[in-house]
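The file query_10.cif contains mmCIF, C-alpha atoms and all ligand atoms:
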data_input
#
loop_
_atom_site.label_atom_id
_atom_site.label_comp_id
_atom_site.auth_asym_id
_atom_site.auth_seq_id
_atom_site.Cartn_x
_atom_site.Cartn_y
_atom_site.Cartn_z
CA MET A 1 -9.56 4.24 -2.60
CA GLY A 2 -11.45 0.97 -2.64
CA LEU A 3 -13.54 -0.22 0.30
CA HIS A 4 -13.05 -3.73 -1.08
CA TRP A 5 -14.22 -6.17 1.61
CA GLY A 6 -14.61 -3.36 4.18
CA ALA A 7 -18.02 -2.01 3.12
CA PRO A 8 -20.14 -4.11 5.56
CA VAL A 9 -17.75 -3.26 8.42
CA LEU A 10 -17.84 0.48 7.73
CA LYS A 11 -21.62 0.29 7.40
CA SER A 12 -21.89 -1.35 10.83
CA LEU A 13 -19.71 1.34 12.44
CA ILE A 14 -21.32 4.58 11.27
CA PRO A 15 -24.82 6.08 11.63
CA SER A 16 -27.18 4.98 8.87
CA ASP A 17 -27.69 8.56 7.61
CA LEU A 18 -23.93 8.78 6.93
CA TRP A 19 -23.84 5.39 5.22
CA ASP A 20 -26.71 6.55 2.99
CA LYS A 21 -24.36 9.27 1.69
CA VAL A 22 -21.40 7.01 0.90
CA GLN A 23 -22.52 6.68 -2.71
CA SER A 24 -22.13 10.47 -3.07
CA VAL A 25 -18.39 10.22 -2.33
CA GLN A 26 -17.70 7.50 -4.90
CA THR A 27 -15.15 8.52 -7.54
CA ASP A 28 -18.11 8.35 -9.92
CA PRO A 29 -21.31 8.82 -7.88
CA HIS A 30 -23.40 8.01 -10.97
CA VAL A 31 -22.33 4.36 -10.95
CA PRO A 32 -24.52 2.47 -8.47
CA PRO A 33 -22.79 -0.31 -6.50
CA ALA A 34 -23.59 -3.64 -8.15
CA GLU A 35 -24.90 -6.46 -5.93
CA GLN A 36 -21.91 -8.48 -7.03
CA CYS A 37 -18.92 -7.21 -8.91
CA THR A 38 -15.85 -8.88 -10.39
CA LEU A 39 -12.63 -6.90 -10.72
CA SER A 40 -9.90 -8.14 -13.00
CA MET A 41 -6.16 -7.80 -12.94
CA LEU A 42 -4.69 -7.92 -16.43
CA ASN A 43 -1.27 -8.41 -17.87
CA GLY A 44 -0.64 -4.80 -18.90
CA ALA A 45 1.54 -5.81 -21.84
CA THR A 46 -0.82 -8.33 -23.46
CA GLY A 47 -4.28 -7.58 -21.98
CA GLU A 48 -4.61 -11.20 -20.80
CA PRO A 49 -6.50 -11.67 -17.50
CA LEU A 50 -4.12 -12.66 -14.68
CA THR A 51 -6.65 -13.03 -11.89
CA SER A 52 -9.96 -11.63 -10.66
CA PHE A 53 -11.68 -10.85 -7.35
CA THR A 54 -15.40 -10.89 -6.64
CA PHE A 55 -16.98 -8.51 -4.10
CA ASN A 56 -20.55 -8.17 -2.91
CA HIS A 57 -20.47 -4.38 -3.11
CA PHE A 58 -17.63 -2.41 -4.58
CA TYR A 59 -17.05 1.20 -3.65
CA ARG A 60 -14.25 3.31 -5.06
CA LEU A 61 -14.22 6.49 -2.95
CA ARG A 62 -12.59 9.91 -2.94
CA ARG A 63 -10.55 9.94 0.27
CA SER A 64 -10.95 13.64 1.06
CA ALA A 65 -14.72 13.49 0.51
CA LEU A 66 -14.99 10.33 2.63
CA ARG A 67 -12.97 11.98 5.41
CA THR A 68 -15.28 15.01 5.35
CA LEU A 69 -18.34 12.75 5.46
CA LEU A 70 -17.00 10.67 8.35
CA SER A 71 -16.08 13.85 10.26
CA THR A 72 -19.76 14.85 10.50
CA SER A 73 -20.74 15.68 14.10
CA LEU A 74 -17.34 14.68 15.48
CA ASP A 75 -15.30 16.98 17.72
CA ILE A 76 -11.89 16.77 16.03
CA CYS A 77 -8.77 18.61 17.27
CA TYR A 78 -6.06 19.06 14.66
CA SER A 79 -2.29 19.62 15.02
CA LYS A 80 -1.96 17.45 18.14
CA LYS A 81 1.15 15.26 18.39
CA LEU A 82 0.84 12.23 20.66
CA VAL A 83 3.92 11.80 22.88
CA SER A 84 2.82 9.47 25.69
CA ILE A 85 -0.06 7.47 27.15
CA THR A 86 -0.75 7.05 30.87
CA TYR A 87 -3.29 5.10 32.87
CA PRO A 88 -4.82 6.74 35.97
CA THR A 89 -4.45 4.45 39.01
CA ASP A 90 -8.09 3.35 39.21
CA GLY A 91 -7.58 1.51 35.91
CA THR A 92 -10.80 2.76 34.35
CA ALA A 93 -9.40 5.35 31.99
CA VAL A 94 -6.54 6.20 29.67
CA THR A 95 -4.97 9.59 29.03
CA ALA A 96 -3.21 10.68 25.87
CA HIS A 97 -0.56 13.39 26.29
CA PHE A 98 0.28 15.68 23.41
CA ALA A 99 3.39 17.72 22.56
CA ASP A 100 1.61 21.01 23.33
CA THR A 101 1.10 19.67 26.93
CA SER A 102 -2.66 19.20 26.42
CA THR A 103 -4.26 15.86 27.34
CA ALA A 104 -7.35 13.85 26.43
CA THR A 105 -8.85 11.21 28.72
CA GLY A 106 -11.19 8.43 27.65
CA THR A 107 -11.88 4.72 28.04
CA LEU A 108 -10.35 3.37 24.82
CA PRO A 109 -7.47 4.81 22.77
CA VAL A 110 -7.57 3.94 19.07
CA GLY A 111 -4.22 4.35 17.33
CA THR A 112 -4.75 5.37 13.72
CA ASP A 113 -1.41 7.13 13.40
CA GLY A 114 -0.04 5.26 10.45
CA ALA A 115 2.73 2.85 9.57
CA ARG A 116 5.19 4.44 12.00
CA SER A 117 2.59 4.57 14.76
CA THR A 118 3.62 6.29 17.98
CA THR A 119 0.67 4.59 19.71
CA ARG A 120 1.99 1.15 18.73
CA SER A 121 5.52 1.97 19.89
CA LEU A 122 4.19 3.30 23.22
CA LEU A 123 2.07 0.19 23.80
CA LEU A 124 4.54 -2.46 22.54
CA GLY A 125 7.89 -0.78 23.14
CA PRO A 126 10.19 0.81 20.55
CA LYS A 127 11.56 -2.42 19.03
CA PRO A 128 8.40 -4.51 18.48
CA GLY A 129 6.58 -1.30 17.54
CA THR A 130 8.75 -0.57 14.49
CA THR A 131 8.04 -1.78 10.96
CA ASP A 132 10.39 -3.66 8.65
CA ALA A 133 11.12 -2.11 5.27
CA VAL A 134 10.24 -4.26 2.26
CA PRO A 135 12.75 -4.26 -0.59
CA PHE A 136 10.33 -2.49 -2.94
CA GLY A 137 9.38 1.14 -3.40
CA SER A 138 6.28 2.58 -5.01
CA ALA A 139 5.54 5.88 -6.70
CA TRP A 140 2.11 7.00 -7.90
CA VAL A 141 1.46 9.49 -10.66
CA HIS A 142 -1.79 10.96 -11.96
CA ALA A 143 -2.38 11.27 -15.67
CA SER A 144 -5.46 12.38 -17.57
CA SER A 145 -6.68 10.38 -20.57
CA THR A 146 -8.42 11.12 -23.86
CA ARG A 147 -12.11 10.37 -24.21
CA ASN A 148 -11.44 7.31 -26.38
CA GLN A 149 -8.89 5.94 -23.94
CA VAL A 150 -11.42 6.40 -21.14
CA LEU A 151 -14.21 4.69 -23.06
CA PHE A 152 -11.85 1.77 -23.68
CA LEU A 153 -11.08 1.53 -19.95
CA HIS A 154 -14.81 1.78 -19.12
CA SER A 155 -15.38 -1.31 -21.25
CA PHE A 156 -13.60 -3.38 -18.56
CA HIS A 157 -15.33 -1.88 -15.51
CA PRO A 158 -16.96 1.53 -14.89
CA LEU A 159 -14.87 2.25 -11.78
CA TYR A 160 -11.67 0.28 -11.75
CA LEU A 161 -9.05 -1.61 -13.69
CA ASP A 162 -5.82 -3.01 -12.38
CA ALA A 163 -3.04 -4.12 -14.68
CA ALA A 164 0.38 -5.40 -13.73
CA ARG A 165 3.49 -5.56 -15.88
CA PRO A 166 5.33 -3.65 -17.11
CA LEU A 167 3.89 -1.05 -14.68
CA ARG A 168 1.04 -1.31 -12.28
CA PHE A 169 -1.88 0.69 -13.49
CA LEU A 170 -5.10 1.69 -11.74
CA TRP A 171 -7.76 4.12 -12.72
CA ASP A 172 -10.54 6.09 -11.12
CA ALA A 173 -13.46 7.62 -12.95
CA ALA A 174 -13.90 11.25 -11.98
CA ARG A 175 -17.40 11.93 -13.30
CA ALA A 176 -19.93 10.07 -15.44
CA GLY A 177 -20.93 11.78 -18.64
CA ASP A 178 -17.59 13.52 -18.91
CA PRO A 179 -15.11 10.72 -19.34
CA GLY A 180 -12.45 13.21 -20.42
CA LEU A 181 -12.09 14.02 -16.73
CA LEU A 182 -10.90 10.58 -15.74
CA LEU A 183 -7.64 10.39 -13.88
CA ARG A 184 -5.39 7.43 -14.20
CA LEU A 185 -3.16 6.35 -11.39
CA VAL A 186 0.00 4.63 -12.44
CA ALA A 187 1.88 2.92 -9.67
CA VAL A 188 5.50 2.11 -10.22
CA ARG A 189 6.81 -0.65 -8.03
CA ARG A 190 10.45 -1.54 -8.30
CA ARG A 191 13.03 -3.25 -6.19
CA ARG A 192 14.96 -0.67 -4.23
CA CYS A 193 18.50 -0.03 -5.42
CA GLY A 194 20.77 0.93 -2.51
CA GLY A 195 17.83 2.19 -0.45
CA ARG A 196 16.26 4.17 -3.33
CA VAL A 197 13.53 3.24 -5.78
CA ASP A 198 14.93 2.61 -9.24
CA GLU A 199 14.41 5.99 -10.91
CA GLY A 200 14.29 4.45 -14.38
CA ALA A 201 10.90 3.02 -13.51
CA ALA A 202 9.45 6.47 -12.83
CA THR A 203 10.68 7.65 -16.22
CA CYS A 204 8.76 4.81 -17.88
CA ALA A 205 5.54 5.98 -16.21
CA SER A 206 5.54 9.54 -17.47
C1 LIG B 301 -0.94 4.29 -2.40
C2 LIG B 301 -1.86 3.67 -1.37
C3 LIG B 301 -3.10 3.17 -1.78
C4 LIG B 301 -3.97 2.60 -0.85
N1 LIG B 301 -5.19 2.15 -1.27
C5 LIG B 301 -6.06 1.66 -0.36
C6 LIG B 301 -7.37 1.24 -0.77
O1 LIG B 301 -7.73 1.32 -1.95
N2 LIG B 301 -8.20 0.75 0.18
C7 LIG B 301 -7.82 0.66 1.51
O2 LIG B 301 -8.63 0.21 2.34
N3 LIG B 301 -6.58 1.04 1.91
C8 LIG B 301 -5.71 1.54 1.02
N4 LIG B 301 -4.46 1.92 1.43
C9 LIG B 301 -4.09 1.72 2.84
C10 LIG B 301 -4.69 2.83 3.72
O3 LIG B 301 -4.40 4.10 3.18
C11 LIG B 301 -4.07 2.72 5.12
O4 LIG B 301 -4.27 1.42 5.61
C12 LIG B 301 -4.74 3.71 6.05
O5 LIG B 301 -4.58 5.03 5.59
C13 LIG B 301 -4.13 3.59 7.45
O6 LIG B 301 -4.85 4.47 8.28
P1 LIG B 301 -4.23 5.09 9.55
O7 LIG B 301 -5.25 6.08 10.07
O8 LIG B 301 -3.76 4.02 10.47
O9 LIG B 301 -2.91 5.85 9.10
P2 LIG B 301 -2.69 7.10 8.05
O10 LIG B 301 -3.80 7.20 7.04
O11 LIG B 301 -1.28 6.92 7.62
O12 LIG B 301 -2.82 8.36 9.00
C14 LIG B 301 -1.95 8.55 10.10
C15 LIG B 301 -2.19 9.94 10.65
O13 LIG B 301 -1.63 10.00 11.98
C16 LIG B 301 -0.84 11.19 12.08
N5 LIG B 301 0.17 10.96 13.10
C17 LIG B 301 1.34 10.26 13.01
N6 LIG B 301 2.00 10.29 14.18
C18 LIG B 301 1.23 11.00 15.03
C19 LIG B 301 1.39 11.39 16.40
N7 LIG B 301 2.45 11.05 17.15
N8 LIG B 301 0.41 12.13 16.97
C20 LIG B 301 -0.69 12.50 16.25
N9 LIG B 301 -0.89 12.17 14.95
C21 LIG B 301 0.07 11.42 14.36
C22 LIG B 301 -0.29 11.42 10.68
O14 LIG B 301 0.05 12.80 10.52
C23 LIG B 301 -1.51 11.03 9.83
O15 LIG B 301 -2.41 12.11 9.68
C24 LIG B 301 -3.58 2.50 0.52
C25 LIG B 301 -2.33 3.00 0.93
C26 LIG B 301 -1.49 3.58 0.00
C27 LIG B 301 -0.16 4.13 0.47
#

Can you give me the file's structure in the form of structure tokens?
Ligand SMILES: Cc1cc2nc3c(=O)[nH]c(=O)nc-3n(C[C@H](O)[C@H](O)[C@H](O)COP(=O)(O)OP(=O)(O)OC[C@H]3O[C@@H](n4cnc5c(N)ncnc54)[C@H](O)[C@@H]3O)c2cc1C
Amino acid sequence: MGLHWGAPVLKSLIPSDLWDKVQSVQTDPHVPPAEQCTLSMLNGATGEPLTSFTFNHFYRLRRSALRTLLSTSLDICYSKKLVSITYPTDGTAVTAHFADTSTATGTLPVGTDGARSTTRSLLLGPKPGTTDAVPFGSAWVHASSTRNQVLFLHSFHPLYLDAARPLRFLWDAARAGDPGLLLRLVAVRRRRCGGRVDEGAATCAS
């Protein structure tokens, strides 16, 4: 995943010793973040540049490794399902209630429970808390590449390339010095047909 514009925000939120380790969870830890970096989106059929974005620091991170890093020194309880939120009468606290009848009380609840957030529905009510479906679906597949294919992709950017049309294509370097290990991510985005993603698109990606 890309930190994109979020790097300064994440840096301001975590202890400096954790931020110092962020480079170690890059998809390719051997590529130092450039002061300024321009990422291009190409027309996948012709190779022509469609647009580009410039960032001050670009990090492309392994999610599981980032999660492990950010979990350092935190007391995390797994397998808890939020079912309700109550406010003790003195108004200074908030209590989260979980399906196993356990509770947690604090001063600020932070809902990071995804697109179909229970926290949001509890705070806003069921109707405003729901999300609207967009008429597009997306499927992502991993594919490994030959060394020469990887070296070609590296020639655009050592960490990232995004191409649209006919399929959306992204890639992540797995390890410098062994470009045969690179994994491509191919995202297939198609208009939904009768509530399902057009399966023909997924066939094209394989
Ligand atoms: C294919 C894809 C690529 C992306 N790439 C990027 C990227 O490059 N950079 C970027 O910044 N963002 C990216 N995003 C977006 C990013 O992943 C999301 O914005 C982010 O994960 C949202 O975080 P979240 O914690 O709110 O929800 P999630 O990551 O969805 O996590 C929600 C968690 O809450 C749990 N949960 C749900 N209901 C309850 C409940 N009632 N009680 C307790 N737990 C509950 C779920 O089990 C889950 O573990 C991408 C998303 C997708 C789908």

Check: Could you list, as a PyMOL selection string, all the residues within 6 Å of ligand LIG 301 (chain B), counting all atoms listed in the file?
Finding: chain A and resi 1-3+80-83+112-114+117-118

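Taking only C-alpha atoms into account, the residues near (-21.8, 2.4, -11.6), no farther than 7 Å, are His30, Val31, Pro32, Pro33, Pro158 and Leu159 of chain A.
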
Written selection (C-alpha atoms) as a PDB file, keeping the file's coordinate frame:
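Listing of result_36.pdb after writing:
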ATOM      1  CA  HIS A  30     -23.400   8.010 -10.970  1.00  0.00           C
ATOM      2  CA  VAL A  31     -22.330   4.360 -10.950  1.00  0.00           C
ATOM      3  CA  PRO A  32     -24.520   2.470  -8.470  1.00  0.00           C
ATOM      4  CA  PRO A  33     -22.790  -0.310  -6.500  1.00  0.00           C
ATOM      5  CA  PRO A 158     -16.960   1.530 -14.890  1.00  0.00           C
ATOM      6  CA  LEU A 159     -14.870   2.250 -11.780  1.00  0.00           C
TER       7      LEU A 159
END

Next item on the list: Fewer than 6 positions away in the same chain doesn't count, so skip those; otherwise give me all residues within 12 Å of segment 39-43 of chain A, counting all atoms listed in the file, as number ranges by chain.
Entry: A: 2, 4, 49-60, 153, 156-170

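Going from atom CA of Pro126 of chain A to atom CA of Pro88 of chain A covers 22.3 Å.
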
Note to self: Just to confirm, what's the straight-line distance from atom CA of Val22 of chain A to atom CA of Gln36 of chain A in Å (one decimal)?
What the structure shows: 17.4 Å

Next item on the list: Name the closest residue to Leu122 of chain A among the candidates A:Gln149, A:Ser155, A:Ser84, A:Thr103; distances are taken between atoms, counting only C-alpha atoms.
Entry: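 Nearest to Leu122 of chain A: A:Ser84.
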
Notebook entry, point to check: What lies within 9 Å of segment 90-95 of chain A using all atoms listed in the file, ignoring chain neighbours under 3 positions off, as an NGL selection string?
Noted result: :A and (84-87 or 103-109)

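Rounded to one decimal, atom CA of Asp17 of chain A and atom CA of Ala34 of chain A lie 20.3 Å from each other.
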
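Of the listed residues (A:Thr38, A:Ser138, A:Asn148, A:Thr27), A:Thr27 comes nearest to Leu61 of chain A; the distances count all atoms listed in the file.
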